>>> print(open('data01.cif').read())   # mmCIF, C-alpha atoms
data_target
loop_
_atom_site.label_atom_id
_atom_site.label_comp_id
_atom_site.auth_asym_id
_atom_site.auth_seq_id
_atom_site.Cartn_x
_atom_site.Cartn_y
_atom_site.Cartn_z
CA MET A 1 19.89 16.48 -27.02
CA ARG A 2 18.33 14.58 -24.13
CA ALA A 3 15.75 11.99 -25.20
CA PHE A 4 12.18 12.93 -24.37
CA SER A 5 10.53 10.61 -21.88
CA ILE A 6 7.50 10.56 -19.61
CA PRO A 7 7.97 9.18 -16.08
CA LEU A 8 5.95 6.05 -15.32
CA PRO A 9 4.03 7.65 -12.39
CA THR A 10 2.96 10.43 -14.77
CA VAL A 11 1.62 7.92 -17.29
CA LEU A 12 -0.06 6.03 -14.44
CA SER A 13 -1.83 9.21 -13.29
CA GLY A 14 -3.32 9.60 -16.75
CA PHE A 15 -4.42 5.97 -16.76
CA VAL A 16 -6.00 6.20 -13.30
CA ALA A 17 -7.82 9.41 -14.29
CA VAL A 18 -9.44 7.68 -17.28
CA LEU A 19 -10.13 4.54 -15.26
CA VAL A 20 -11.89 6.52 -12.54
CA GLY A 21 -13.86 8.52 -15.09
CA TYR A 22 -15.19 5.46 -16.88
CA ALA A 23 -15.70 3.34 -13.78
CA SER A 24 -17.69 6.03 -11.99
CA SER A 25 -20.31 6.72 -14.64
CA ALA A 26 -20.07 4.59 -17.81
CA ALA A 27 -23.04 2.54 -16.59
CA ILE A 28 -25.12 5.71 -16.16
CA ILE A 29 -24.50 6.70 -19.77
CA TRP A 30 -25.61 3.27 -20.94
CA GLN A 31 -28.82 3.69 -18.93
CA ALA A 32 -29.44 7.11 -20.49
CA ALA A 33 -28.91 5.71 -24.00
CA LEU A 34 -31.26 2.81 -23.29
CA ALA A 35 -33.90 5.30 -22.09
CA ALA A 36 -33.77 6.91 -25.55
CA GLY A 37 -34.32 3.56 -27.22
CA ALA A 38 -30.75 3.09 -28.49
CA THR A 39 -29.69 -0.41 -29.50
CA THR A 40 -26.67 -2.14 -27.99
CA GLU A 41 -24.70 -1.42 -31.15
CA GLN A 42 -25.68 2.26 -31.07
CA ILE A 43 -24.75 2.56 -27.39
CA ALA A 44 -21.33 1.09 -28.10
CA GLY A 45 -20.97 3.68 -30.87
CA TRP A 46 -21.90 6.43 -28.42
CA MET A 47 -19.17 5.25 -26.07
CA THR A 48 -16.73 5.25 -28.97
CA SER A 49 -17.68 8.82 -29.89
CA LEU A 50 -17.41 10.02 -26.29
CA GLY A 51 -13.95 8.47 -25.85
CA ILE A 52 -12.64 9.94 -29.10
CA ALA A 53 -14.14 13.38 -28.38
CA MET A 54 -12.66 13.45 -24.87
CA GLY A 55 -9.31 12.20 -26.13
CA VAL A 56 -9.05 14.76 -28.91
CA SER A 57 -10.20 17.68 -26.71
CA THR A 58 -7.93 16.69 -23.81
CA LEU A 59 -4.89 16.37 -26.06
CA ALA A 60 -5.64 19.57 -27.98
CA LEU A 61 -6.16 21.76 -24.92
CA THR A 62 -3.32 20.21 -22.93
CA LEU A 63 -0.79 20.56 -25.73
CA TRP A 64 -1.95 24.08 -26.62
CA TYR A 65 -1.77 25.48 -23.08
CA ARG A 66 0.97 23.15 -21.77
CA ALA A 67 -1.22 22.66 -18.70
CA PRO A 68 -3.12 19.60 -17.40
CA VAL A 69 -6.56 20.23 -18.93
CA LEU A 70 -8.76 17.15 -18.86
CA THR A 71 -12.20 16.95 -20.37
CA ALA A 72 -14.98 14.59 -19.41
CA TRP A 73 -18.59 13.79 -19.99
CA SER A 74 -21.13 15.27 -17.60
CA THR A 75 -22.06 12.60 -15.06
CA PRO A 76 -24.87 14.75 -13.54
CA GLY A 77 -26.06 15.38 -17.08
CA ALA A 78 -26.16 11.64 -17.81
CA ALA A 79 -28.13 11.06 -14.60
CA LEU A 80 -30.62 13.72 -15.70
CA LEU A 81 -30.97 12.06 -19.12
CA VAL A 82 -31.77 8.66 -17.60
CA THR A 83 -35.19 10.02 -16.66
CA GLY A 84 -35.42 12.91 -19.14
CA LEU A 85 -35.09 10.74 -22.26
CA GLN A 86 -37.78 8.26 -21.22
CA GLY A 87 -40.46 7.97 -23.88
CA ILE A 88 -38.78 10.05 -26.63
CA THR A 89 -37.17 8.84 -29.83
CA ILE A 90 -33.45 8.58 -30.36
CA GLN A 91 -33.73 11.33 -33.00
CA ASP A 92 -35.31 13.59 -30.38
CA ALA A 93 -32.44 12.76 -28.01
CA ILE A 94 -29.88 13.86 -30.59
CA GLY A 95 -31.82 17.10 -31.05
CA VAL A 96 -31.64 17.66 -27.28
CA PHE A 97 -27.87 17.13 -27.33
CA ILE A 98 -27.40 19.65 -30.13
CA VAL A 99 -29.50 22.35 -28.42
CA ALA A 100 -27.77 21.88 -25.03
CA ASN A 101 -24.29 21.98 -26.55
CA ALA A 102 -25.17 25.03 -28.66
CA LEU A 103 -26.22 26.85 -25.48
CA ILE A 104 -22.85 25.98 -23.91
CA VAL A 105 -21.02 27.44 -26.91
CA LEU A 106 -23.16 30.59 -26.65
CA CYS A 107 -22.35 30.88 -22.94
CA GLY A 108 -18.64 30.67 -23.72
CA VAL A 109 -18.76 33.13 -26.61
CA THR A 110 -20.56 35.79 -24.56
CA GLY A 111 -18.03 35.48 -21.71
CA LEU A 112 -20.73 35.33 -19.02
CA PHE A 113 -19.33 32.17 -17.48
CA ALA A 114 -15.77 33.54 -17.38
CA ARG A 115 -16.89 36.67 -15.53
CA LEU A 116 -18.69 34.54 -12.95
CA MET A 117 -15.66 32.32 -12.32
CA LYS A 118 -13.37 35.33 -11.74
CA ILE A 119 -15.22 36.37 -8.58
CA ILE A 120 -14.88 33.00 -6.81
CA PRO A 121 -12.25 33.23 -3.99
CA HIS A 122 -9.42 30.69 -4.10
CA SER A 123 -10.31 29.35 -0.64
CA LEU A 124 -13.87 28.56 -1.72
CA ALA A 125 -12.71 26.88 -4.93
CA SER A 126 -10.33 24.70 -2.90
CA ALA A 127 -13.05 23.89 -0.35
CA MET A 128 -15.44 22.88 -3.12
CA LEU A 129 -12.79 20.63 -4.66
CA ALA A 130 -12.13 18.97 -1.30
CA GLY A 131 -15.87 18.44 -0.85
CA ILE A 132 -16.19 16.84 -4.28
CA LEU A 133 -13.30 14.47 -3.64
CA LEU A 134 -14.19 13.58 -0.05
CA ARG A 135 -16.50 10.73 -1.06
CA PHE A 136 -13.66 9.08 -2.98
CA GLY A 137 -11.49 9.09 0.11
CA LEU A 138 -14.35 7.75 2.25
CA GLN A 139 -15.21 5.06 -0.31
CA ALA A 140 -11.60 3.89 -0.35
CA PHE A 141 -11.46 3.22 3.38
CA ASN A 142 -15.06 2.05 3.61
CA SER A 143 -14.15 -0.69 1.10
CA LEU A 144 -12.01 -2.22 3.86
CA ASN A 145 -15.28 -3.41 5.42
CA ASN A 146 -16.05 -5.82 2.58
CA GLU A 147 -12.61 -6.45 1.03
CA LEU A 148 -10.13 -6.31 3.88
CA ILE A 149 -7.49 -8.50 2.23
CA LEU A 150 -7.64 -6.83 -1.19
CA CYS A 151 -7.92 -3.22 -0.04
CA GLY A 152 -5.74 -3.70 3.02
CA SER A 153 -2.96 -5.08 0.83
CA MET A 154 -3.28 -2.10 -1.51
CA LEU A 155 -3.13 0.32 1.41
CA LEU A 156 -0.08 -1.43 2.87
CA ALA A 157 1.70 -1.42 -0.50
CA TRP A 158 0.92 2.28 -0.90
CA LEU A 159 2.23 3.07 2.59
CA VAL A 160 5.48 1.10 2.18
CA CYS A 161 6.17 2.62 -1.22
CA LYS A 162 5.28 6.08 0.08
CA VAL A 163 8.24 5.76 2.44
CA ILE A 164 10.83 4.32 0.07
CA ALA A 165 9.64 5.55 -3.38
CA PRO A 166 6.75 8.05 -3.01
CA ARG A 167 6.16 8.61 -6.72
CA TYR A 168 5.47 4.91 -7.28
CA ALA A 169 3.08 4.46 -4.34
CA THR A 170 -0.11 4.46 -6.43
CA LEU A 171 1.47 2.13 -9.00
CA ALA A 172 2.45 -0.30 -6.25
CA ALA A 173 -1.07 -0.25 -4.83
CA MET A 174 -2.56 -0.91 -8.27
CA LEU A 175 -0.25 -3.84 -9.07
CA VAL A 176 -0.64 -5.45 -5.65
CA GLY A 177 -4.42 -5.06 -5.92
CA ILE A 178 -4.47 -6.73 -9.34
CA ALA A 179 -2.34 -9.60 -8.05
CA ILE A 180 -4.58 -10.18 -5.03
CA ALA A 181 -7.74 -9.96 -7.16
CA LEU A 182 -6.34 -12.52 -9.62
CA ILE A 183 -5.34 -14.87 -6.81
CA LYS A 184 -8.81 -14.59 -5.28
CA GLY A 185 -10.47 -15.12 -8.65
CA ASP A 186 -12.27 -11.76 -8.52
CA VAL A 187 -11.32 -10.70 -12.08
CA VAL A 188 -14.03 -11.93 -14.46
CA THR A 189 -13.12 -11.46 -18.14
CA SER A 190 -15.85 -13.57 -19.78
CA GLY A 191 -17.90 -10.50 -20.79
CA VAL A 192 -15.02 -8.55 -22.31
CA ASN A 193 -15.08 -8.08 -26.10
CA LEU A 194 -12.29 -5.96 -27.56
CA SER A 195 -13.75 -5.53 -31.05
CA PRO A 196 -14.13 -1.85 -32.08
CA VAL A 197 -17.56 -0.41 -32.92
CA PHE A 198 -17.95 2.49 -35.35
CA PRO A 199 -20.28 5.36 -34.37
CA GLU A 200 -23.55 5.73 -36.24
CA PHE A 201 -24.78 9.10 -37.52
CA ILE A 202 -28.30 9.78 -36.27
CA ALA A 203 -30.31 12.59 -37.87
CA PRO A 204 -31.66 14.95 -35.20
CA HIS A 205 -35.26 15.94 -34.64
CA PHE A 206 -35.86 19.23 -32.85
CA SER A 207 -38.77 19.91 -30.53
CA PHE A 208 -39.40 23.15 -28.67
CA ALA A 209 -40.96 21.23 -25.78
CA HIS A 210 -37.94 18.93 -25.48
CA SER A 211 -35.58 21.89 -25.76
CA ILE A 212 -37.25 23.54 -22.78
CA SER A 213 -37.89 20.46 -20.66
CA ILE A 214 -34.68 18.47 -21.32
CA ALA A 215 -32.03 20.47 -23.23
CA LEU A 216 -32.21 23.58 -21.02
CA PRO A 217 -31.89 21.60 -17.74
CA LEU A 218 -29.06 19.58 -19.30
CA PHE A 219 -27.26 22.82 -20.19
CA LEU A 220 -27.74 24.26 -16.69
CA VAL A 221 -26.69 21.07 -14.91
CA THR A 222 -23.62 20.70 -17.14
CA MET A 223 -22.48 24.28 -16.55
CA ALA A 224 -23.22 24.33 -12.82
CA SER A 225 -22.25 20.80 -11.81
CA GLN A 226 -19.43 20.03 -14.25
CA ASN A 227 -17.84 23.06 -15.92
CA ALA A 228 -17.89 25.26 -12.81
CA PRO A 229 -16.18 22.63 -10.60
CA GLY A 230 -13.76 21.86 -13.45
CA ILE A 231 -12.64 25.47 -13.81
CA ALA A 232 -12.49 25.85 -10.03
CA THR A 233 -10.35 22.71 -9.78
CA MET A 234 -7.81 24.17 -12.22
CA LYS A 235 -7.84 27.43 -10.27
CA ALA A 236 -7.31 25.62 -6.97
CA SER A 237 -4.41 23.66 -8.50
CA GLY A 238 -2.72 26.86 -9.65
CA TYR A 239 -3.60 26.83 -13.35
CA ALA A 240 -5.23 30.14 -14.29
CA LEU A 241 -6.25 29.52 -17.90
CA PRO A 242 -8.66 31.66 -19.94
CA VAL A 243 -12.12 30.31 -19.25
CA SER A 244 -14.14 31.31 -22.31
CA PRO A 245 -11.90 29.57 -24.89
CA LEU A 246 -12.08 26.35 -22.87
CA ILE A 247 -15.89 26.47 -22.76
CA VAL A 248 -16.19 27.38 -26.44
CA PHE A 249 -13.78 24.62 -27.56
CA THR A 250 -15.37 21.85 -25.46
CA GLY A 251 -18.85 23.02 -26.45
CA LEU A 252 -17.94 22.99 -30.13
CA MET A 253 -16.42 19.51 -29.82
CA ALA A 254 -19.61 18.23 -28.23
CA LEU A 255 -21.71 20.00 -30.85
CA LEU A 256 -19.70 18.43 -33.66
CA PHE A 257 -20.04 14.93 -32.20
CA SER A 258 -23.66 15.31 -31.04
CA PRO A 259 -25.18 13.35 -33.98
CA PHE A 260 -22.98 10.43 -32.94
CA GLY A 261 -24.27 10.32 -29.35
CA VAL A 262 -22.02 12.83 -27.55
CA TYR A 263 -24.36 14.61 -25.16
CA SER A 264 -21.63 16.73 -23.52
CA ILE A 265 -17.89 17.38 -23.32
CA CYS A 266 -16.92 19.41 -20.25
CA ILE A 267 -13.94 20.54 -18.22
CA ALA A 268 -13.18 17.68 -15.82
CA ALA A 269 -12.88 18.14 -12.07
CA ILE A 270 -12.31 14.83 -10.26
CA THR A 271 -10.23 13.13 -12.94
CA ALA A 272 -8.35 16.37 -13.62
CA ALA A 273 -7.39 16.56 -9.96
CA ILE A 274 -5.47 13.29 -10.33
CA CYS A 275 -3.35 14.72 -13.16
CA GLN A 276 -2.93 18.09 -11.42
CA SER A 277 -1.56 16.61 -8.19
CA PRO A 278 2.10 16.34 -7.10
CA GLU A 279 1.81 12.55 -7.51
CA ALA A 280 1.45 13.08 -11.27
CA HIS A 281 4.72 15.02 -11.42
CA PRO A 282 6.68 16.95 -8.75
CA ASP A 283 7.08 19.87 -11.19
CA ALA A 284 3.75 21.64 -11.70
CA LYS A 285 4.92 22.81 -15.13
CA ARG A 286 5.32 19.19 -16.26
CA ARG A 287 1.98 17.81 -15.07
CA TRP A 288 0.50 18.44 -18.49
CA LEU A 289 2.26 15.22 -19.48
CA ALA A 290 -0.15 13.27 -17.25
CA ALA A 291 -3.13 14.92 -18.96
CA ALA A 292 -1.62 14.14 -22.36
CA ALA A 293 -1.31 10.50 -21.32
CA ALA A 294 -4.95 10.57 -20.22
CA GLY A 295 -5.88 11.90 -23.67
CA VAL A 296 -4.18 8.92 -25.30
CA PHE A 297 -5.96 6.50 -22.96
CA TYR A 298 -9.26 8.25 -23.76
CA LEU A 299 -8.63 7.60 -27.46
CA LEU A 300 -7.86 3.95 -26.78
CA ALA A 301 -11.02 3.64 -24.69
CA GLY A 302 -12.95 5.28 -27.52
CA VAL A 303 -11.62 2.94 -30.19
CA PHE A 304 -12.77 0.00 -28.08
CA GLY A 305 -15.93 1.69 -26.85
CA GLY A 306 -17.96 -1.49 -26.99
CA SER A 307 -15.72 -3.23 -24.47
CA VAL A 308 -15.59 -0.47 -21.84
CA THR A 309 -18.48 -1.72 -19.74
CA GLY A 310 -17.16 -5.28 -19.87
CA LEU A 311 -13.73 -4.15 -18.71
CA MET A 312 -15.23 -2.17 -15.85
CA ALA A 313 -17.31 -5.16 -14.81
CA ALA A 314 -14.24 -7.41 -14.91
CA LEU A 315 -12.49 -5.43 -12.16
CA PRO A 316 -13.62 -5.58 -8.52
CA VAL A 317 -15.46 -2.39 -7.53
CA SER A 318 -13.49 -2.20 -4.29
CA TRP A 319 -10.21 -2.24 -6.27
CA ILE A 320 -11.32 0.78 -8.28
CA GLN A 321 -12.56 2.59 -5.17
CA MET A 322 -9.34 2.04 -3.24
CA LEU A 323 -7.16 3.01 -6.20
CA ALA A 324 -9.12 6.22 -6.77
CA GLY A 325 -9.03 7.15 -3.10
CA LEU A 326 -5.28 6.62 -2.79
CA ALA A 327 -4.61 8.54 -6.01
CA LEU A 328 -6.58 11.51 -4.68
CA LEU A 329 -5.27 11.64 -1.10
CA GLY A 330 -2.66 14.30 -1.87
CA THR A 331 -5.18 16.47 -3.69
CA ILE A 332 -7.73 16.19 -0.88
CA SER A 333 -5.21 17.19 1.79
CA GLY A 334 -3.77 20.01 -0.33
CA SER A 335 -7.24 21.39 -1.08
CA LEU A 336 -8.20 21.35 2.57
CA TYR A 337 -5.02 23.20 3.48
CA GLN A 338 -5.66 25.86 0.82
CA ALA A 339 -9.28 26.17 1.90
CA LEU A 340 -8.61 26.62 5.62
CA HIS A 341 -5.23 28.35 5.56
CA ASN A 342 -6.67 31.88 5.49
CA GLU A 343 -8.32 32.42 8.88
CA ALA A 344 -10.48 35.30 7.62
CA GLU A 345 -12.06 33.05 4.96
CA ARG A 346 -12.12 29.85 7.01
CA ASP A 347 -15.80 29.93 8.05
CA ALA A 348 -17.05 30.45 4.51
CA ALA A 349 -14.68 27.78 3.22
CA ILE A 350 -15.82 25.13 5.71
CA VAL A 351 -19.45 25.86 4.79
CA THR A 352 -18.56 25.41 1.12
CA PHE A 353 -16.79 22.15 1.92
CA LEU A 354 -19.66 20.71 3.99
CA VAL A 355 -22.43 21.68 1.58
CA THR A 356 -20.47 20.23 -1.35
CA ALA A 357 -19.69 17.02 0.54
CA SER A 358 -23.31 16.66 1.69
CA GLY A 359 -24.58 15.61 -1.73
CA LEU A 360 -27.34 18.23 -1.65
CA THR A 361 -29.35 18.37 -4.89
CA LEU A 362 -31.94 21.06 -5.61
CA TRP A 363 -33.86 21.41 -8.88
CA GLY A 364 -31.58 18.84 -10.48
CA VAL A 365 -28.40 20.82 -9.73
CA GLY A 366 -25.72 19.08 -7.67
CA SER A 367 -24.01 19.98 -4.43
CA ALA A 368 -20.82 21.43 -5.98
CA PHE A 369 -22.81 24.36 -7.33
CA TRP A 370 -24.75 24.90 -4.11
CA GLY A 371 -21.55 24.68 -2.09
CA LEU A 372 -20.19 27.66 -4.03
CA VAL A 373 -23.50 29.53 -3.75
CA VAL A 374 -23.93 29.06 0.01
CA GLY A 375 -20.22 29.49 0.72
CA GLY A 376 -20.12 32.59 -1.47
CA PHE A 377 -23.08 34.07 0.39
CA CYS A 378 -21.32 33.43 3.72
CA TYR A 379 -18.10 34.90 2.36
CA ALA A 380 -19.86 38.07 1.18
CA ALA A 381 -21.82 38.48 4.42
CA LEU A 382 -18.81 37.93 6.69
CA THR A 383 -16.61 40.24 4.61
CA LEU A 384 -19.24 42.98 4.70
CA PHE A 385 -19.73 42.54 8.45
CA ARG A 386 -16.02 42.84 9.19
CA ARG A 387 -15.75 45.99 7.11
CA THR A 388 -18.58 47.64 8.99
#
>>> encode(input="data01.cif", output="structure tokens")
Amino acid sequence: MRAFSIPLPTVLSGFVAVLVGYASSAAIIWQAALAAGATTEQIAGWMTSLGIAMGVSTLALTLWYRAPVLTAWSTPGAALLVTGLQGITIQDAIGVFIVANALIVLCGVTGLFARLMKIIPHSLASAMLAGILLRFGLQAFNSLNNELILCGSMLLAWLVCKVIAPRYATLAAMLVGIAIALIKGDVVTSGVNLSPVFPEFIAPHFSFAHSISIALPLFLVTMASQNAPGIATMKASGYALPVSPLIVFTGLMALLFSPFGVYSICIAAITAAICQSPEAHPDAKRRWLAAAAAGVFYLLAGVFGGSVTGLMAALPVSWIQMLAGLALLGTISGSLYQALHNEAERDAAIVTFLVTASGLTLWGVGSAFWGLVVGGFCYAALTLFRRT
């Protein structure tokens, strides 16, 4: 029997996915926890709970479906909580988390969300994914303005390795970037503390006013700006999994961990795209290995939740931006091709792409949702016009 092994680029894709997820929004979650009056120790416990919950849910779903299913926290939800939790107690905040996550479970059980996702055309889902990821590509090359040596070296290493060993291109860029950053003295490890912090159970306090003013918007933002793009990302990558079980499982995981500071567990979009790309594994049926690796890294990040922010601060921001952009290049180009390939759907797809990439936010709901809404309206109108 051949020994089971996971290729290094596959493991790297899982690592980069977790790195990007934490680097992009860990600081926002700390701000939200501070707004609720959480202590430093409690915040570290929240980060531990989030990492463990994401690790367990990612591993469980990935191994069950043998497909790259990544979960994540809701970054738009965390941004909403930064202002929404101002002036309330930490017990009230836990009550908000429980109500919002219970609504997500209810939405999954009723199947309403699954029926909505079935009507989204593949071209629009791909266009929305490309719009979401565009800023990562732009950030990568914009970082050349401030860190030409560091980011230029990473880009050159990626390009050279893309020619001679394509699967190791992102790894080469990462290692060269670390070497350059160390030589320049840009890696600051003085604030890193690797001691684990155990989560603290916090008894919830429920308020009807907070449920309406904070929990309901958190539920809507999470479903529209996180779960919808996450499901659409899987669809665009060719993984047609049953939607309702995914929503119910992630909602239940978040509900279970809510008293320990887990405000949401959702289907990932951006980080999932890294593990669903050809760079993760040339065989689409084997890319679940990258997601499984990400689940393990999530668990490790959770165990050392108190050190996550310090680790993120130790790495140059431009290094993270360039690494994320290079890791997502293949997904961006593939999504654009899928979005614009069908001439009959091209106009609606480009509208979806541009609205999503614009960063439009209305009533607290992000541009990914509005890209689908506006693009879907164009798609319906153009289809009806052609038929008549």
>>> resolve_selection(input="data01.cif", expression="the PyMOL selection byres ((chain A and resi 230) around 12)", output="ChimeraX atom specification")
/A:68-74,117,125-126,128-129,132,222-229,231-237,239-241,243,246-247,265-273,276,368-369
>>> closest_residue(input="data01.cif", among="A:Glu279, A:Glu41, A:Glu200, A:Glu343", to="Leu12 of chain A", atoms="only C-alpha atoms")
A:Glu279
>>> residues_around(input="data01.cif", residues="Val355 of chain A", least_positions_apart="2", cutoff="7 Å", atoms="only C-alpha atoms", output="ChimeraX atom specification")
/A:351-353,357-358,360,367,370-371
>>> write_last_selection(input="data01.cif", atoms="C-alpha atoms", output="PDB file, keeping the file's coordinate frame")
ATOM      1  CA  VAL A 351     -19.450  25.860   4.790  1.00  0.00           C
ATOM      2  CA  THR A 352     -18.560  25.410   1.120  1.00  0.00           C
ATOM      3  CA  PHE A 353     -16.790  22.150   1.920  1.00  0.00           C
ATOM      4  CA  ALA A 357     -19.690  17.020   0.540  1.00  0.00           C
ATOM      5  CA  SER A 358     -23.310  16.660   1.690  1.00  0.00           C
ATOM      6  CA  LEU A 360     -27.340  18.230  -1.650  1.00  0.00           C
ATOM      7  CA  SER A 367     -24.010  19.980  -4.430  1.00  0.00           C
ATOM      8  CA  TRP A 370     -24.750  24.900  -4.110  1.00  0.00           C
ATOM      9  CA  GLY A 371     -21.550  24.680  -2.090  1.00  0.00           C
TER      10      GLY A 371
END
>>> resolve_selection(input="data01.cif", expression="the PyMOL selection byres ((chain A and resi 298) around 8)", output="list in words")
Val18, Gly51, Ile52, Met54, Gly55, Ala294, Gly295, Val296, Phe297, Leu299, Leu300, Ala301 and Gly302 of chain A
>>> closest_residue(input="data01.cif", among="A:Leu8, A:Ala181, A:Val197, A:Leu218", to="Thr75 of chain A", atoms="all atoms listed in the file")
A:Leu218
>>> residues_around(input="data01.cif", residues="Gly111 of chain A", least_positions_apart="4", cutoff="7 Å", atoms="all atoms listed in the file", output="JSON list (two decimals) with C-alpha atoms, in the frame of the given file")
[["chain", "number", "residue", "atom", "x", "y", "z"],
["A", 107, "CYS", "CA", -22.35, 30.88, -22.94],
["A", 115, "ARG", "CA", -16.89, 36.67, -15.53],
["A", 244, "SER", "CA", -14.14, 31.31, -22.31]]
>>> resolve_selection(input="data01.cif", expression="the PyMOL selection byres ((chain A and resi 177) around 10)", output="mmCIF file with C-alpha atoms, in the frame of the given file")
data_model
loop_
_atom_site.group_PDB
_atom_site.id
_atom_site.type_symbol
_atom_site.label_atom_id
_atom_site.label_comp_id
_atom_site.auth_asym_id
_atom_site.auth_seq_id
_atom_site.Cartn_x
_atom_site.Cartn_y
_atom_site.Cartn_z
ATOM 1 C CA ILE A 149 -7.490 -8.500 2.230
ATOM 2 C CA LEU A 150 -7.640 -6.830 -1.190
ATOM 3 C CA CYS A 151 -7.920 -3.220 -0.040
ATOM 4 C CA GLY A 152 -5.740 -3.700 3.020
ATOM 5 C CA SER A 153 -2.960 -5.080 0.830
ATOM 6 C CA MET A 154 -3.280 -2.100 -1.510
ATOM 7 C CA LEU A 155 -3.130 0.320 1.410
ATOM 8 C CA ALA A 157 1.700 -1.420 -0.500
ATOM 9 C CA LEU A 171 1.470 2.130 -9.000
ATOM 10 C CA ALA A 172 2.450 -0.300 -6.250
ATOM 11 C CA ALA A 173 -1.070 -0.250 -4.830
ATOM 12 C CA MET A 174 -2.560 -0.910 -8.270
ATOM 13 C CA LEU A 175 -0.250 -3.840 -9.070
ATOM 14 C CA VAL A 176 -0.640 -5.450 -5.650
ATOM 15 C CA ILE A 178 -4.470 -6.730 -9.340
ATOM 16 C CA ALA A 179 -2.340 -9.600 -8.050
ATOM 17 C CA ILE A 180 -4.580 -10.180 -5.030
ATOM 18 C CA ALA A 181 -7.740 -9.960 -7.160
ATOM 19 C CA LEU A 182 -6.340 -12.520 -9.620
ATOM 20 C CA ILE A 183 -5.340 -14.870 -6.810
ATOM 21 C CA PRO A 316 -13.620 -5.580 -8.520
ATOM 22 C CA SER A 318 -13.490 -2.200 -4.290
ATOM 23 C CA TRP A 319 -10.210 -2.240 -6.270
ATOM 24 C CA ILE A 320 -11.320 0.780 -8.280
ATOM 25 C CA MET A 322 -9.340 2.040 -3.240
ATOM 26 C CA LEU A 323 -7.160 3.010 -6.200
#
>>> closest_residue(input="data01.cif", among="A:Ile88, A:Ala127, A:Ala280, A:Val163", to="Gly375 of chain A", atoms="all atoms listed in the file")
A:Ala127
>>> closest_residue(input="data01.cif", among="A:Val11, A:Val262, A:Val105, A:Val96", to="Pro217 of chain A", atoms="all atoms listed in the file")
A:Val96
>>> closest_residue(input="data01.cif", among="A:Gly131, A:Gly251, A:Gly238, A:Gly95", to="Leu372 of chain A", atoms="only C-alpha atoms")
A:Gly131
>>> atom_distance(input="data01.cif", atom1="atom CA of Val20 of chain A", atom2="atom CA of Ala140 of chain A")
12.5 Å
>>> closest_residue(input="data01.cif", among="A:Gly261, A:Gly45, A:Gly21, A:Pro7", to="Asn101 of chain A", atoms="all atoms listed in the file")
A:Gly261
>>> axis_aligned_box(input="data01.cif", around="segment 284-300 of chain A", padding_each_side="5 Å", output="JSON")
{"center_x": -2.0, "center_y": 13.4, "center_z": -19.6, "size_x": 24.6, "size_y": 28.9, "size_z": 25.8}
>>> residues_around(input="data01.cif", residues="Trp288 of chain A", least_positions_apart="6", cutoff="9 Å", atoms="only C-alpha atoms", output="CSV table (one decimal) with C-alpha atoms, in the coordinates of the input")
chain,number,residue,atom,x,y,z
A,62,THR,CA,-3.3,20.2,-22.9
A,63,LEU,CA,-0.8,20.6,-25.7
A,65,TYR,CA,-1.8,25.5,-23.1
A,66,ARG,CA,1.0,23.2,-21.8
A,67,ALA,CA,-1.2,22.7,-18.7
A,68,PRO,CA,-3.1,19.6,-17.4
A,69,VAL,CA,-6.6,20.2,-18.9
A,275,CYS,CA,-3.4,14.7,-13.2
A,276,GLN,CA,-2.9,18.1,-11.4
A,281,HIS,CA,4.7,15.0,-11.4
>>> atom_distance(input="data01.cif", atom1="atom CA of Phe141 of chain A", atom2="atom CA of His122 of chain A")
28.5 Å
>>> atom_distance(input="data01.cif", atom1="atom CA of Pro76 of chain A", atom2="atom CA of Leu289 of chain A")
27.8 Å
